[in-house]
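Colleague: What follows is a single structure, and I will ask about it in a moment.
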Amino acid sequence: MATERLQPAGNQESMRFEVELEFVQSLSNPNYLNFLAQRGYFKTKEFVNYLKYLLYWKEPQYAKYLRYPQCLHMLELLQYEDFRKELVNTPCAKFIEDQMLLHWQYYIRKRVRLQQTVMEATLNQKKDDTIAKDIKLEPRGTPSMGF
């Protein structure tokens, strides 16, 4: 405690930011949520209030620092008492984890298909632009092959 008083205020704010960032991101791990629920953290009023306080991470100026954005969804779900109660059950945490993995798998496949579609459209547009440059219009509107 004495070392905290010796640190400059800016350093303490930076440390608090880092600690809260790390904690919020850890909420994306369903097994960690199960651990917290089994130890009774979600039953204490202080901890529930802390979870409410952490909702500020949904603001864009803070959310941009998150590496695991799904933690914001979990933070939102943790605002509901029924959800906090269900996390005590290990199968519930396992189900959430499975759903997250399925989402990632689907998202990656969908994203790859989307990128391929965009790439093909870009290539087709370039081909069309090249053909249009090769064909010049005559003054009367008849196409010329540039001969």
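FYI, nothing fancy with the structure tokens labels: chains A, B, ... in order, residues from 1 per chain, ligands from 1 as they appear.
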Excluding same-chain residues fewer than 6 positions from Asn29 in chain A, what lies within 9 Å of it counting only C-alpha atoms, as a PyMOL selection string?
Modeller: chain A and resi 71+74+93+97
Colleague: Assign secondary structure with DSSP using the backbone only, and return the residues of range 15-147 of chain A in strand (DSSP E or B) as a list in words.
Modeller: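 So the strand (DSSP E or B) residues in range 15-147 of chain A would be Lys136, Leu137, Pro143 and Ser144 of chain A.
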Colleague: Would you output that residue set with N, CA and C atoms, as a compact mmCIF listing (two decimals), in the first residue's frame?
Modeller:
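See selection_37.txt below for the written result:
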```
# COMPACT_ATOMS: atom_id res chain seq x y z
N LYS A 136 -11.80 2.92 -78.11
CA LYS A 136 -12.05 4.36 -78.08
C LYS A 136 -13.29 4.65 -78.90
N LEU A 137 -14.03 5.62 -78.51
CA LEU A 137 -15.23 5.99 -79.26
C LEU A 137 -14.89 7.00 -80.34
N PRO A 143 -17.74 2.67 -82.02
CA PRO A 143 -16.49 2.23 -81.39
C PRO A 143 -15.39 2.03 -82.39
N SER A 144 -14.19 2.31 -81.94
CA SER A 144 -13.00 2.11 -82.77
C SER A 144 -12.07 1.19 -82.01
```
Colleague: Would you kindly return, as a list in words, each protein, DNA or RNA residue with an atom no farther than 9 Å from any atom of Leu54 in chain A, considering only C-alpha atoms and excluding same-chain residues fewer than 5 positions away?
Modeller: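 Residues meeting the cut-off are Glu20, Val24, Asn49 and Leu75 of chain A.
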Colleague: By how many Å are CA of Tyr32 in chain A and CA of Gln61 in chain A apart?
Modeller: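 Answer for the CA of Tyr32 in chain A to CA of Gln61 in chain A separation: 26.0 Å.
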Colleague: If you run DSSP on this backbone, which residues of chain A come out as helix (DSSP H, G or I), and could you give them as a ChimeraX atom specification?
Modeller: /A:2-6,9-26,30-38,41-43,45-58,60-63,70-77,81-86,90-134
Colleague: Range 34-41 of chain A: which residues within 7 Å, counting only C-alpha atoms, same-chain residues fewer than 6 positions away excluded, as a PyMOL selection string?
Modeller: chain A and resi 47+84+87-88+90+93
Colleague: Report, in Å to a single decimal, how far apart CA of Gln79 in chain A and CA of Tyr53 in chain A are.
Modeller: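 Value for the CA of Tyr53 in chain A-CA of Gln79 in chain A distance: 10.5 Å.
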Colleague: Considering only C-alpha atoms, state which residue in the set A:Arg111, A:Arg67, A:Lys85, A:Lys127 is at the smallest distance from Thr44 in chain A.
Modeller: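 For Thr44 in chain A, the nearest of the candidates is A:Lys85.
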Colleague: Can you pull out the residues contacting range 57-59 of chain A? Cut-off 9 Å, using only C-alpha atoms, and skip same-chain residues under 6 positions away; I want them as a short mmCIF file (atom, residue, chain, number, x, y, z; two decimals) with C-alpha atoms, in the first residue's frame.
Modeller:
```cif
data_model
loop_
_atom_site.label_atom_id
_atom_site.label_comp_id
_atom_site.auth_asym_id
_atom_site.auth_seq_id
_atom_site.Cartn_x
_atom_site.Cartn_y
_atom_site.Cartn_z
CA LEU A 21 -8.48 -3.77 -19.52
CA VAL A 24 -12.63 -6.98 -18.91
CA LEU A 66 -9.85 -4.51 -26.59
CA LEU A 72 -18.25 -6.76 -24.17
#
```
